[in-house]
>>> print(open('structure_38.txt').read())   # compact mmCIF, C-alpha atoms
# COMPACT_ATOMS: atom_id res chain seq x y z
CA MET J 174 80.20 -44.88 76.71
CA THR J 175 79.09 -46.41 73.40
CA GLN J 176 79.10 -50.19 73.45
CA ARG J 177 81.71 -51.77 71.18
CA TRP J 178 80.61 -54.08 68.41
CA SER J 179 82.36 -56.66 66.24
CA ILE J 180 82.52 -56.29 62.46
CA SER J 181 83.10 -60.01 61.90
CA ARG J 182 80.30 -61.05 64.27
CA ARG J 183 77.87 -58.65 62.63
CA LEU J 184 78.84 -59.88 59.15
CA VAL J 185 78.41 -63.52 60.16
CA LEU J 186 74.99 -62.90 61.74
CA VAL J 187 73.68 -60.72 58.91
CA LEU J 188 74.94 -63.00 56.13
CA THR J 189 73.70 -66.18 57.84
CA ALA J 190 70.30 -64.66 58.62
CA GLY J 191 70.04 -63.21 55.11
CA LEU J 192 70.97 -66.54 53.57
CA GLY J 193 68.36 -68.28 55.73
CA LEU J 194 65.65 -65.81 54.72
CA LEU J 195 66.57 -66.11 51.04
CA TRP J 196 66.49 -69.88 51.37
CA LEU J 197 63.05 -69.73 53.01
CA GLY J 198 61.81 -67.46 50.24
CA ALA J 199 63.23 -69.74 47.57
CA ALA J 200 61.73 -72.77 49.34
CA ALA J 201 58.33 -71.06 49.48
CA LEU J 202 58.44 -70.22 45.77
CA SER J 203 59.65 -73.72 44.94
CA THR J 204 56.89 -75.22 47.08
CA PHE J 205 54.26 -73.13 45.34
CA ALA J 206 55.60 -74.11 41.92
CA THR J 207 55.97 -77.75 42.96
CA MET J 208 52.42 -77.91 44.34
CA HIS J 209 51.12 -76.42 41.09
CA GLU J 210 53.03 -79.00 39.06
CA ILE J 211 51.93 -81.83 41.36
CA ASN J 212 48.29 -80.78 40.96
CA GLU J 213 48.72 -80.76 37.19
CA VAL J 214 50.38 -84.19 37.23
CA LEU J 215 47.74 -85.69 39.52
CA ASP J 216 44.92 -84.12 37.50
CA SER J 217 46.46 -85.58 34.38
CA ALA J 218 46.70 -88.96 36.12
CA LEU J 219 43.03 -88.77 37.06
CA GLN J 220 42.04 -87.89 33.50
CA GLU J 221 44.30 -90.54 31.94
CA THR J 222 43.03 -93.21 34.34
CA ALA J 223 39.42 -92.33 33.64
CA GLN J 224 39.94 -92.38 29.89
CA ARG J 225 41.65 -95.80 30.11
CA LEU J 226 39.16 -97.35 32.53
CA LEU J 227 35.91 -96.24 30.88
CA PRO J 228 36.23 -98.34 27.66
CA LEU J 229 37.32 -101.40 29.65
CA ALA J 230 34.50 -100.96 32.16
CA THR J 231 31.96 -100.44 29.36
CA TYR J 232 33.09 -103.63 27.65
CA ASP J 233 32.94 -105.54 30.93
CA ILE J 234 29.44 -104.26 31.70
CA THR J 235 28.22 -105.16 28.18
CA GLU J 236 29.59 -108.70 28.47
CA HIS J 237 27.89 -109.26 31.80
CA GLU J 238 24.58 -107.81 30.54
CA GLU J 239 24.56 -110.42 27.79
CA GLU J 240 25.05 -113.04 30.48
CA GLY J 241 22.12 -111.69 32.50
CA GLY J 242 23.74 -109.32 35.02
CA HIS J 243 26.81 -107.31 35.90
CA PRO J 244 28.91 -106.98 39.06
CA ILE J 245 28.86 -103.84 41.11
CA GLY J 246 32.27 -104.50 42.68
CA ASP J 247 31.35 -105.58 46.21
CA ASP J 248 33.11 -108.91 45.85
CA ALA J 249 36.55 -107.31 45.09
CA PRO J 250 39.23 -108.24 47.64
CA GLY J 251 40.04 -105.56 50.21
CA HIS J 252 43.15 -103.48 49.55
CA GLU J 253 44.29 -99.89 49.91
CA GLU J 254 43.28 -97.71 47.01
CA TYR J 255 44.56 -94.29 46.11
CA LEU J 256 42.00 -93.85 43.35
CA ILE J 257 38.34 -94.76 43.67
CA TYR J 258 35.81 -94.64 40.89
CA GLN J 259 32.20 -95.25 39.95
CA ILE J 260 30.74 -96.25 36.58
CA ARG J 261 27.30 -94.76 36.13
CA ASP J 262 24.70 -95.29 33.43
CA ALA J 263 22.73 -92.61 31.63
CA ALA J 264 20.17 -92.58 34.45
CA GLY J 265 22.89 -91.86 37.01
CA ARG J 266 22.84 -95.27 38.69
CA VAL J 267 26.11 -96.85 39.86
CA VAL J 268 26.66 -99.95 37.75
CA LEU J 269 30.31 -100.60 38.65
CA ARG J 270 32.59 -99.26 41.34
CA SER J 271 35.98 -99.78 42.93
CA HIS J 272 36.22 -101.59 46.25
CA ASP J 273 36.42 -98.43 48.42
CA ALA J 274 33.91 -96.41 46.44
CA PRO J 275 30.52 -95.77 48.14
CA LEU J 276 27.30 -97.44 46.94
CA GLU J 277 25.64 -94.06 46.56
CA PRO J 278 26.64 -91.92 43.59
CA PHE J 279 29.32 -89.30 44.18
CA PRO J 280 27.76 -85.93 45.13
CA ILE J 281 28.76 -84.24 41.90
CA PRO J 282 26.78 -83.89 38.67
CA LEU J 283 27.47 -86.04 35.62
CA VAL J 284 29.28 -83.28 33.76
CA ALA J 285 32.49 -84.03 31.91
CA GLY J 286 35.58 -82.41 33.41
CA PHE J 287 37.07 -81.64 36.82
CA ALA J 288 35.09 -80.75 39.92
CA ASP J 289 35.97 -80.11 43.59
CA HIS J 290 33.87 -81.22 46.56
CA ASP J 291 34.77 -81.56 50.24
CA ASP J 292 38.48 -80.97 49.58
CA ARG J 293 38.51 -83.72 47.00
CA ARG J 294 39.24 -83.54 43.29
CA PHE J 295 36.93 -85.37 40.88
CA TYR J 296 37.09 -86.05 37.19
CA THR J 297 34.14 -87.15 35.06
CA GLU J 298 34.49 -88.80 31.63
CA ILE J 299 31.37 -89.62 29.57
CA SER J 300 31.22 -92.09 26.68
CA GLY J 301 29.16 -90.71 23.81
CA GLU J 302 28.47 -94.15 22.29
CA SER J 303 27.38 -96.22 25.30
CA GLY J 304 26.10 -93.42 27.53
CA TYR J 305 28.15 -94.67 30.47
CA ALA J 306 30.20 -92.25 32.56
CA ILE J 307 33.11 -92.72 34.94
CA GLN J 308 33.72 -90.51 37.95
CA ILE J 309 37.12 -90.93 39.58
CA THR J 310 38.69 -89.23 42.61
CA GLU J 311 41.70 -89.54 44.84
CA VAL J 312 41.76 -90.45 48.50
CA SER J 313 41.88 -87.12 50.38
CA ALA J 314 45.14 -87.83 52.20
CA HIS J 315 47.02 -88.92 49.08
CA ARG J 316 47.37 -85.53 47.45
CA THR J 317 48.07 -83.83 50.81
CA GLU J 318 50.70 -86.45 51.66
CA THR J 319 52.37 -85.99 48.29
CA MET J 320 52.54 -82.23 48.74
CA LEU J 321 53.87 -82.51 52.32
CA ASP J 322 56.56 -84.96 51.22
CA SER J 323 57.66 -82.54 48.50
CA LEU J 324 57.71 -79.66 50.98
CA PHE J 325 59.77 -81.73 53.44
CA PHE J 326 62.39 -82.63 50.86
CA LEU J 327 62.64 -78.98 49.89
CA ALA J 328 63.00 -77.68 53.45
CA ALA J 329 64.98 -80.52 55.07
CA PRO J 330 68.30 -79.70 53.35
CA MET J 331 68.16 -76.24 54.90
CA LEU J 332 68.41 -77.75 58.40
CA LEU J 333 71.78 -79.21 57.42
CA LEU J 334 73.02 -76.65 54.92
CA LEU J 335 72.24 -73.54 56.99
CA PRO J 336 74.66 -74.49 59.83
CA LEU J 337 77.25 -75.46 57.20
CA ALA J 338 76.67 -72.14 55.48
CA GLY J 339 77.09 -70.35 58.84
CA ILE J 340 80.39 -72.15 59.45
CA THR J 341 81.57 -71.34 55.93
CA ILE J 342 80.60 -67.68 56.34
CA PHE J 343 82.34 -67.55 59.75
CA TRP J 344 85.53 -69.04 58.28
CA THR J 345 85.43 -66.80 55.21
CA VAL J 346 84.80 -63.63 57.22
CA GLY J 347 87.57 -64.62 59.64
CA ARG J 348 90.02 -65.21 56.82
CA SER J 349 88.96 -62.06 54.96
CA THR J 350 88.71 -59.60 57.86
CA THR J 351 89.87 -60.89 61.23
CA THR J 352 93.17 -62.39 60.04
CA PRO J 353 94.49 -59.34 58.12
CA ILE J 354 93.26 -56.98 60.85
CA ARG J 355 95.03 -59.10 63.50
CA THR J 356 98.19 -59.13 61.35
CA MET J 357 98.11 -55.36 61.01
CA ARG J 358 97.38 -54.90 64.74
CA GLU J 359 100.34 -57.10 65.72
CA ALA J 360 102.59 -55.21 63.31
CA ILE J 361 101.54 -51.89 64.86
CA ARG J 362 101.96 -53.30 68.38
CA ALA J 363 105.53 -54.35 67.52
CA ARG J 364 106.43 -50.76 66.68
CA SER J 365 108.08 -48.70 69.40
CA GLY J 366 110.60 -45.95 69.89
CA SER J 367 113.34 -48.38 68.85
CA ASN J 368 111.39 -49.92 65.96
CA LEU J 369 109.66 -47.51 63.62
CA ASP J 370 110.02 -49.59 60.47
CA MET J 371 107.32 -49.22 57.85
CA ILE J 372 104.53 -51.81 57.98
CA PRO J 373 104.49 -53.85 54.77
CA ASP J 374 101.21 -53.68 52.88
CA ASP J 375 101.86 -56.68 50.63
CA GLY J 376 98.90 -59.03 50.68
CA MET J 377 96.71 -56.54 52.57
CA PRO J 378 93.07 -56.19 51.45
CA VAL J 379 92.16 -53.11 49.43
CA GLU J 380 90.13 -51.79 52.39
CA LEU J 381 93.08 -51.97 54.81
CA ALA J 382 95.83 -50.75 52.46
CA PRO J 383 94.95 -47.02 52.94
CA ILE J 384 95.04 -47.49 56.74
CA VAL J 385 98.49 -49.09 56.49
CA LYS J 386 99.70 -46.21 54.34
CA ASP J 387 98.41 -43.64 56.85
CA VAL J 388 100.02 -45.52 59.75
CA ASN J 389 103.31 -45.62 57.82
CA ARG J 390 103.14 -41.86 57.28
CA LEU J 391 102.57 -41.43 61.02
CA LEU J 392 105.52 -43.72 61.78
CA GLU J 393 107.67 -41.71 59.41
CA ARG J 394 106.78 -38.46 61.17
CA LEU J 395 107.40 -40.08 64.56
CA ALA J 396 110.76 -41.37 63.40
CA LEU J 397 111.78 -37.88 62.32
CA ALA J 398 110.57 -36.37 65.60
CA LEU J 399 112.32 -39.01 67.73
CA ALA J 400 115.49 -38.75 65.70
CA GLY J 401 115.54 -35.02 66.28
CA GLU J 402 114.85 -35.48 69.99
CA ARG J 403 117.57 -38.11 70.37
CA ALA J 404 120.05 -36.07 68.40
CA PHE J 405 119.33 -33.05 70.58
CA ALA J 406 119.68 -35.10 73.79
CA ALA J 407 122.89 -36.77 72.62
CA ASN J 408 124.44 -33.56 71.33
CA SER J 409 123.44 -31.65 74.44
CA ALA J 410 124.88 -34.31 76.72
CA HIS J 411 128.04 -34.54 74.64
CA GLU J 412 128.51 -30.77 74.65
CA LEU J 413 127.92 -30.67 78.41
CA ARG J 414 130.42 -33.42 79.19
CA THR J 415 133.53 -31.34 78.48
CA PRO J 416 132.49 -28.15 80.32
CA VAL J 417 131.39 -30.19 83.34
CA ALA J 418 134.68 -32.11 83.36
CA VAL J 419 136.67 -28.89 83.02
CA ALA J 420 134.70 -27.18 85.80
CA LEU J 421 135.15 -30.21 88.06
CA ALA J 422 138.90 -30.29 87.42
CA GLN J 423 139.23 -26.55 88.13
CA LEU J 424 137.29 -26.86 91.37
CA GLN J 425 139.37 -29.83 92.50
CA ARG J 426 142.54 -27.83 91.76
CA LEU J 427 141.12 -24.81 93.57
CA SER J 428 140.24 -27.01 96.54
CA ALA J 429 143.80 -28.32 96.70
CA GLU J 430 145.24 -24.77 96.50
CA LEU J 431 142.97 -23.35 99.19
CA GLY J 432 143.73 -26.16 101.60
CA SER J 433 141.84 -25.58 104.88
CA SER J 434 140.01 -22.49 103.68
CA PRO J 435 136.74 -21.53 105.38
CA HIS J 436 135.12 -21.95 101.94
CA GLN J 437 136.25 -25.56 101.60
CA GLY J 438 132.83 -26.94 102.58
CA ARG J 439 131.05 -24.97 99.87
CA ILE J 440 133.66 -26.04 97.33
CA ASP J 441 133.09 -29.70 98.27
CA GLN J 442 129.35 -29.25 97.80
CA ILE J 443 129.91 -27.76 94.33
CA ILE J 444 132.26 -30.62 93.43
CA ALA J 445 129.63 -33.16 94.53
CA ALA J 446 126.97 -31.35 92.48
CA LEU J 447 129.21 -31.35 89.41
CA ARG J 448 129.88 -35.05 89.84
CA ARG J 449 126.12 -35.71 89.97
CA LEU J 450 125.70 -33.55 86.89
CA GLY J 451 128.50 -35.44 85.13
CA ASN J 452 126.86 -38.75 86.03
CA LEU J 453 123.51 -37.48 84.69
CA VAL J 454 125.17 -36.35 81.45
CA GLU J 455 126.75 -39.80 81.08
CA LYS J 456 123.37 -41.49 81.68
CA MET J 457 121.72 -39.27 79.09
CA LEU J 458 124.35 -40.28 76.56
CA GLN J 459 123.75 -43.93 77.39
CA LEU J 460 119.99 -43.44 77.05
CA ALA J 461 120.45 -41.80 73.63
CA ARG J 462 122.60 -44.73 72.51
CA ALA J 463 120.09 -47.23 73.90
CA GLU J 464 117.17 -45.63 72.07
CA SER J 465 119.14 -45.55 68.82
CA GLY J 466 119.09 -49.37 68.73
CA ILE J 467 122.63 -50.08 69.91
CA ALA J 468 121.66 -53.54 71.21
CA MET J 469 120.37 -54.94 67.92
CA THR J 470 122.88 -57.31 66.34
CA GLY J 471 122.73 -60.56 64.44
CA GLU J 472 125.83 -62.05 66.06
CA ARG J 473 126.07 -64.46 69.01
CA ILE J 474 128.86 -63.65 71.46
CA ASP J 475 130.21 -65.12 74.67
CA LEU J 476 129.28 -62.67 77.43
CA LEU J 477 131.15 -64.40 80.25
CA PRO J 478 134.49 -62.65 79.53
CA VAL J 479 132.68 -59.29 79.37
CA LEU J 480 131.10 -60.01 82.76
CA ARG J 481 134.44 -60.87 84.37
CA LEU J 482 136.19 -57.86 82.81
CA LEU J 483 133.56 -55.44 84.09
CA LEU J 484 133.64 -56.97 87.59
CA ASP J 485 137.42 -56.57 87.63
CA GLU J 486 136.98 -52.90 86.74
CA PHE J 487 134.61 -52.39 89.67
CA ASP J 488 136.99 -54.25 91.97
CA ARG J 489 139.83 -51.85 91.07
CA ASN J 490 137.73 -48.95 92.35
CA LYS J 491 138.82 -48.42 95.96
CA ALA J 492 135.39 -47.27 97.09
CA ARG J 493 133.74 -50.40 95.69
CA SER J 494 136.48 -53.01 95.99
CA GLY J 495 135.28 -56.28 97.45
CA ARG J 496 131.59 -55.33 97.43
CA ILE J 497 130.68 -57.53 94.44
CA GLN J 498 130.63 -61.32 94.77
CA LEU J 499 130.56 -63.48 91.61
CA ASP J 500 129.32 -67.00 92.21
CA PRO J 501 131.35 -69.47 90.11
CA PRO J 502 129.45 -70.09 86.86
CA GLN J 503 128.49 -73.71 86.17
CA VAL J 504 129.14 -73.19 82.45
CA SER J 505 132.25 -72.35 80.46
CA SER J 506 130.46 -69.83 78.23
CA TRP J 507 127.37 -67.66 78.26
CA MET J 508 126.12 -67.04 74.72
CA GLY J 509 123.84 -64.13 73.95
CA GLN J 510 122.70 -62.16 70.91
CA ILE J 511 123.52 -58.61 72.00
CA ASP J 512 126.10 -55.94 71.25
CA ILE J 513 129.10 -56.10 73.63
CA ASP J 514 129.05 -52.38 74.43
CA ALA J 515 125.29 -52.49 74.99
CA PHE J 516 125.66 -55.42 77.38
CA ALA J 517 128.40 -53.58 79.29
CA ILE J 518 126.08 -50.57 79.66
CA VAL J 519 123.28 -52.80 80.99
CA LEU J 520 125.50 -54.59 83.50
CA ARG J 521 127.20 -51.39 84.67
CA ASN J 522 123.83 -49.75 85.36
CA LEU J 523 122.53 -52.76 87.27
CA LEU J 524 125.68 -52.98 89.38
CA ASP J 525 125.64 -49.22 90.04
CA ASN J 526 122.01 -49.51 91.10
CA ALA J 527 122.76 -52.44 93.43
CA LEU J 528 125.80 -50.72 94.99
CA ASN J 529 124.10 -47.35 95.44
CA HIS J 530 120.85 -48.66 96.93
CA GLY J 531 121.97 -51.91 98.59
CA ALA J 532 123.17 -52.43 102.15
CA ALA J 533 126.78 -51.25 102.46
CA ASP J 534 127.76 -54.07 104.83
CA LYS J 535 126.60 -56.90 102.57
CA PRO J 536 127.98 -57.88 99.15
CA VAL J 537 126.18 -57.68 95.85
CA ARG J 538 125.77 -61.22 94.51
CA VAL J 539 126.10 -61.90 90.78
CA PHE J 540 125.39 -65.37 89.38
CA LEU J 541 124.17 -67.27 86.32
CA ASP J 542 121.36 -69.82 86.41
CA GLY J 543 120.66 -72.75 84.13
CA SER J 544 118.19 -70.86 81.91
CA ASN J 545 120.67 -68.35 80.42
CA CYS J 546 119.72 -65.64 82.93
CA LEU J 547 122.04 -63.38 84.97
CA HIS J 548 121.01 -62.35 88.50
CA VAL J 549 122.20 -59.24 90.35
CA VAL J 550 121.07 -59.40 94.01
CA ASN J 551 121.63 -56.87 96.78
CA ALA J 552 120.42 -56.72 100.37
CA GLY J 553 118.53 -53.68 101.63
CA THR J 554 115.13 -52.11 102.05
CA ILE J 555 112.20 -53.79 100.29
CA VAL J 556 110.72 -51.85 97.36
CA PRO J 557 106.87 -51.84 97.55
CA ALA J 558 105.30 -54.07 94.90
CA PRO J 559 103.24 -51.27 93.24
CA ALA J 560 106.44 -49.24 92.71
CA ILE J 561 108.43 -52.00 90.96
CA PRO J 562 106.84 -51.67 87.46
CA ARG J 563 107.57 -47.90 87.50
CA LEU J 564 111.29 -48.35 88.19
CA THR J 565 112.00 -48.82 84.47
CA ASP J 566 110.43 -45.44 83.64
CA ARG J 567 112.75 -42.52 82.95
CA PHE J 568 113.79 -40.55 86.03
CA ALA J 569 111.79 -42.92 88.26
CA ARG J 570 113.29 -43.40 91.73
CA GLY J 571 112.22 -45.47 94.65
CA ASP J 572 111.85 -44.26 98.21
CA THR J 573 115.59 -43.76 98.84
CA VAL J 574 118.06 -41.05 99.78
CA ALA J 575 120.91 -42.61 97.77
CA GLU J 576 122.32 -40.67 94.85
CA GLY J 577 121.11 -41.54 91.36
CA SER J 578 119.53 -40.15 88.22
CA GLY J 579 116.60 -42.52 87.88
CA LEU J 580 117.78 -43.57 84.41
CA GLY J 581 119.84 -46.71 85.07
CA LEU J 582 117.02 -49.27 85.06
CA ALA J 583 115.27 -47.50 82.17
CA ILE J 584 118.46 -47.75 80.09
CA ALA J 585 118.98 -51.41 81.01
CA ASP J 586 115.36 -52.33 80.23
CA THR J 587 115.46 -50.55 76.85
CA ILE J 588 118.64 -52.32 75.74
CA VAL J 589 117.56 -55.76 76.95
CA ARG J 590 114.20 -55.50 75.17
CA GLN J 591 115.96 -54.43 71.97
CA ALA J 592 118.08 -57.57 72.19
CA GLY J 593 114.95 -59.72 72.43
CA GLY J 594 115.39 -60.46 76.13
CA ARG J 595 113.68 -59.27 79.27
CA LEU J 596 114.59 -57.59 82.55
CA ASP J 597 112.70 -58.89 85.59
CA LEU J 598 112.74 -57.02 88.91
CA HIS J 599 111.91 -58.56 92.29
CA SER J 600 111.74 -57.18 95.82
CA PRO J 601 112.40 -58.78 98.17
CA ALA J 602 115.01 -60.85 96.36
CA ARG J 603 113.77 -64.37 95.72
CA GLY J 604 114.68 -66.63 98.60
CA GLU J 605 115.57 -63.65 100.82
CA ALA J 606 113.74 -61.66 103.46
CA ASP J 607 114.64 -58.28 101.97
CA GLY J 608 116.71 -56.72 99.21
CA PHE J 609 116.31 -56.30 95.48
CA GLU J 610 116.98 -58.61 92.53
CA ALA J 611 117.42 -57.80 88.85
CA VAL J 612 117.36 -60.68 86.36
CA ILE J 613 118.57 -60.39 82.76
CA CYS J 614 117.34 -63.16 80.44
CA LEU J 615 118.79 -63.10 76.92
CA THR J 616 118.13 -65.24 73.87
CA ALA J 617 121.00 -67.49 72.95
CA GLY J 618 120.36 -66.74 69.28
>>> encode(input="structure_38.txt", output="structure tokens")
Amino acid sequence: MTQRWSISRRLVLVLTAGLGLLWLGAAALSTFATMHEINEVLDSALQETAQRLLPLATYDITEHEEEGGHPIGDDAPGHEEYLIYQIRDAAGRVVLRSHDAPLEPFPIPLVAGFADHDDRRFYTEISGESGYAIQITEVSAHRTETMLDSLFFLAAPMLLLLPLAGITIFWTVGRSTTTPIRTMREAIRARSGSNLDMIPDDGMPVELAPIVKDVNRLLERLALALAGERAFAANSAHELRTPVAVALAQLQRLSAELGSSPHQGRIDQIIAALRRLGNLVEKMLQLARAESGIAMTGERIDLLPVLRLLLDEFDRNKARSGRIQLDPPQVSSWMGQIDIDAFAIVLRNLLDNALNHGAADKPVRVFLDGSNCLHVVNAGTIVPAPAIPRLTDRFARGDTVAEGSGLGLAIADTIVRQAGGRLDLHSPARGEADGFEAVICLTAG
């Protein structure tokens, strides 16, 4: 499998490294140019100093000659000198020197101009009138120190600016690529069978806009395909409802007319099969309504009266009378942002599931908690933990012999998610040794 790589990380590394290399190249060129200019400036300083010193030194030597002698420079006080010089006569003898200059003549010929020797730069200036010459040079470390200082001040900012440049590049790349890609990814993730709205491309970068358009075309095709599938399922279920009801009524009438016929057992089996088929048709209609977005509404309603009304309807059924126990709510209202019919479908499916699969000798408990959640709890066999997440899949059934279509929890989960809530399933029921618990948590709006 090919290893995945990050666009933003690669951009940050390449741009930062490229910027660093460009900076090094620019620093190298600047250093070369700076060193050339420094050499020119220092050469000019040598020449200017020599041209200024030679007339003064010549005058000083002439004055002392008239007095009977001239100083060589040994008696000058000690101090650090960057420039050292020697004044030499026409015979090449040193007649005057700076404090740090050697007694012996510099090892360069008395030729006017610049000369290099032992990594040092010399300049010689000769006076045509007096015959005296001055040879001046820098201390070796001075020019090197000057060049190193210049190089340091060119390179030092890079140590600070390169990390800042990396941070700036990271932020810019994140804002330019990661943020819009994350926005588009979250928009795609929010799309589902109940939400196939087009993804807005306003504010999207030019590079991502074609991808958004292609995704929108795909969503449009999916919407058409799902609409056709839902319409077919709803129409098929609706068309089946009447024939199944008619067939069931005819069989029930035939059963009553035949009385204790030997074929009564087979007729009862057919009636039971038709009832299961009728229940499946009803569930398919509910699923079609759920997937059409029936739960989505902008209104907040009090669901407590709906809960009591539905429980009264179950209690009027002789086969289920007294099997549901409603714990007294601690609140006077239960507000939720969901369609009333959709909520009734959810609650009916959860109660049917609890009654069909729960222990027949123990009641189904229904109660509200303090966090706007409704609990439906039944006793019975524990559902294995790995099987619980699959119970909200279509036609998924646990390990049970009870009748059912495997659609009830799928319908309830679809509607609750459309309403912005969640359906949590637990087995065993929390605080119990066995059983099953379904929890509906809705937003109050």
>>> atom_distance(input="structure_38.txt", atom1="atom CA of J:Leu226", atom2="atom CA of J:Leu321")
28.8 Å
>>> atom_distance(input="structure_38.txt", atom1="atom CA of J:Pro559", atom2="atom CA of J:His530")
18.2 Å
>>> residues_around(input="structure_38.txt", residues="J:Leu424", least_positions_apart="6", cutoff="12 Å", atoms="all atoms listed in the file", output="PyMOL selection string")
chain J and resi 417-418+430-431+436-437+439-448
>>> write_last_selection(input="structure_38.txt", atoms="C-alpha atoms", output="PDB file, in the coordinates of the input")
ATOM      1  CA  VAL J 417     131.390 -30.190  83.340  1.00  0.00           C
ATOM      2  CA  ALA J 418     134.680 -32.110  83.360  1.00  0.00           C
ATOM      3  CA  GLU J 430     145.240 -24.770  96.500  1.00  0.00           C
ATOM      4  CA  LEU J 431     142.970 -23.350  99.190  1.00  0.00           C
ATOM      5  CA  HIS J 436     135.120 -21.950 101.940  1.00  0.00           C
ATOM      6  CA  GLN J 437     136.250 -25.560 101.600  1.00  0.00           C
ATOM      7  CA  ARG J 439     131.050 -24.970  99.870  1.00  0.00           C
ATOM      8  CA  ILE J 440     133.660 -26.040  97.330  1.00  0.00           C
ATOM      9  CA  ASP J 441     133.090 -29.700  98.270  1.00  0.00           C
ATOM     10  CA  GLN J 442     129.350 -29.250  97.800  1.00  0.00           C
ATOM     11  CA  ILE J 443     129.910 -27.760  94.330  1.00  0.00           C
ATOM     12  CA  ILE J 444     132.260 -30.620  93.430  1.00  0.00           C
ATOM     13  CA  ALA J 445     129.630 -33.160  94.530  1.00  0.00           C
ATOM     14  CA  ALA J 446     126.970 -31.350  92.480  1.00  0.00           C
ATOM     15  CA  LEU J 447     129.210 -31.350  89.410  1.00  0.00           C
ATOM     16  CA  ARG J 448     129.880 -35.050  89.840  1.00  0.00           C
TER      17      ARG J 448
END
>>> residues_around(input="structure_38.txt", residues="J:Leu229", least_positions_apart="2", cutoff="12 Å", atoms="all atoms listed in the file", output="list in words")
Thr222, Ala223, Gln224, Arg225, Leu226, Leu227, Thr231, Tyr232, Asp233, Ile234, Thr235, Glu236, Ile260, Leu269, Ser300, Tyr305, Ala306 and Ile307 of chain J
>>> residues_around(input="structure_38.txt", residues="J:Leu337", least_positions_apart="5", cutoff="12 Å", atoms="all atoms listed in the file", output="list in words")
Thr189, Leu192, Gly193, Pro330, Met331, Leu332, Ile342, Phe343 and Trp344 of chain J
>>> residues_around(input="structure_38.txt", residues="J:Cys614", least_positions_apart="2", cutoff="7 Å", atoms="all atoms listed in the file", output="PyMOL selection string")
chain J and resi 545-547+594-596+612+616
>>> atom_distance(input="structure_38.txt", atom1="atom CA of J:Ala285", atom2="atom CA of J:Ile309")
11.3 Å
>>> closest_residue(input="structure_38.txt", among="J:Arg266, J:Ala558, J:Asp586, J:Ser506", to="J:Pro601", atoms="only C-alpha atoms")
J:Ala558
>>> residues_around(input="structure_38.txt", residues="J:Ala602", least_positions_apart="3", cutoff="12 Å", atoms="only C-alpha atoms", output="short mmCIF file (atom, residue, chain, number, x, y, z; two decimals) with C-alpha atoms, in the coordinates of the input")
data_model
loop_
_atom_site.label_atom_id
_atom_site.label_comp_id
_atom_site.auth_asym_id
_atom_site.auth_seq_id
_atom_site.Cartn_x
_atom_site.Cartn_y
_atom_site.Cartn_z
CA ALA J 527 122.76 -52.44 93.43
CA GLY J 531 121.97 -51.91 98.59
CA VAL J 537 126.18 -57.68 95.85
CA ARG J 538 125.77 -61.22 94.51
CA HIS J 548 121.01 -62.35 88.50
CA VAL J 549 122.20 -59.24 90.35
CA VAL J 550 121.07 -59.40 94.01
CA ASN J 551 121.63 -56.87 96.78
CA ALA J 552 120.42 -56.72 100.37
CA GLY J 553 118.53 -53.68 101.63
CA THR J 554 115.13 -52.11 102.05
CA ILE J 555 112.20 -53.79 100.29
CA VAL J 556 110.72 -51.85 97.36
CA ALA J 558 105.30 -54.07 94.90
CA ASP J 597 112.70 -58.89 85.59
CA LEU J 598 112.74 -57.02 88.91
CA HIS J 599 111.91 -58.56 92.29
CA GLU J 605 115.57 -63.65 100.82
CA ALA J 606 113.74 -61.66 103.46
CA ASP J 607 114.64 -58.28 101.97
CA GLY J 608 116.71 -56.72 99.21
CA PHE J 609 116.31 -56.30 95.48
CA GLU J 610 116.98 -58.61 92.53
CA ALA J 611 117.42 -57.80 88.85
CA VAL J 612 117.36 -60.68 86.36
#
>>> closest_residue(input="structure_38.txt", among="J:Leu194, J:Met320, J:Ile588, J:Ala288", to="J:Ile211", atoms="all atoms listed in the file")
J:Met320
>>> closest_residue(input="structure_38.txt", among="J:Gln423, J:Gly543, J:Leu335, J:Ala274", to="J:Leu195", atoms="only C-alpha atoms")
J:Leu335
>>> closest_residue(input="structure_38.txt", among="J:Gln308, J:Val185, J:Val379, J:Ser428", to="J:Pro336", atoms="all atoms listed in the file")
J:Val185
>>> closest_residue(input="structure_38.txt", among="J:Thr351, J:Thr310, J:Ser505, J:Thr341", to="J:Gln220", atoms="all atoms listed in the file")
J:Thr310
>>> axis_aligned_box(input="structure_38.txt", around="stretch 595-602 of chain J", padding_each_side="6 Å", output="JSON")
{"center_x": 113.4, "center_y": -58.9, "center_z": 88.7, "size_x": 15.3, "size_y": 15.8, "size_z": 30.9}
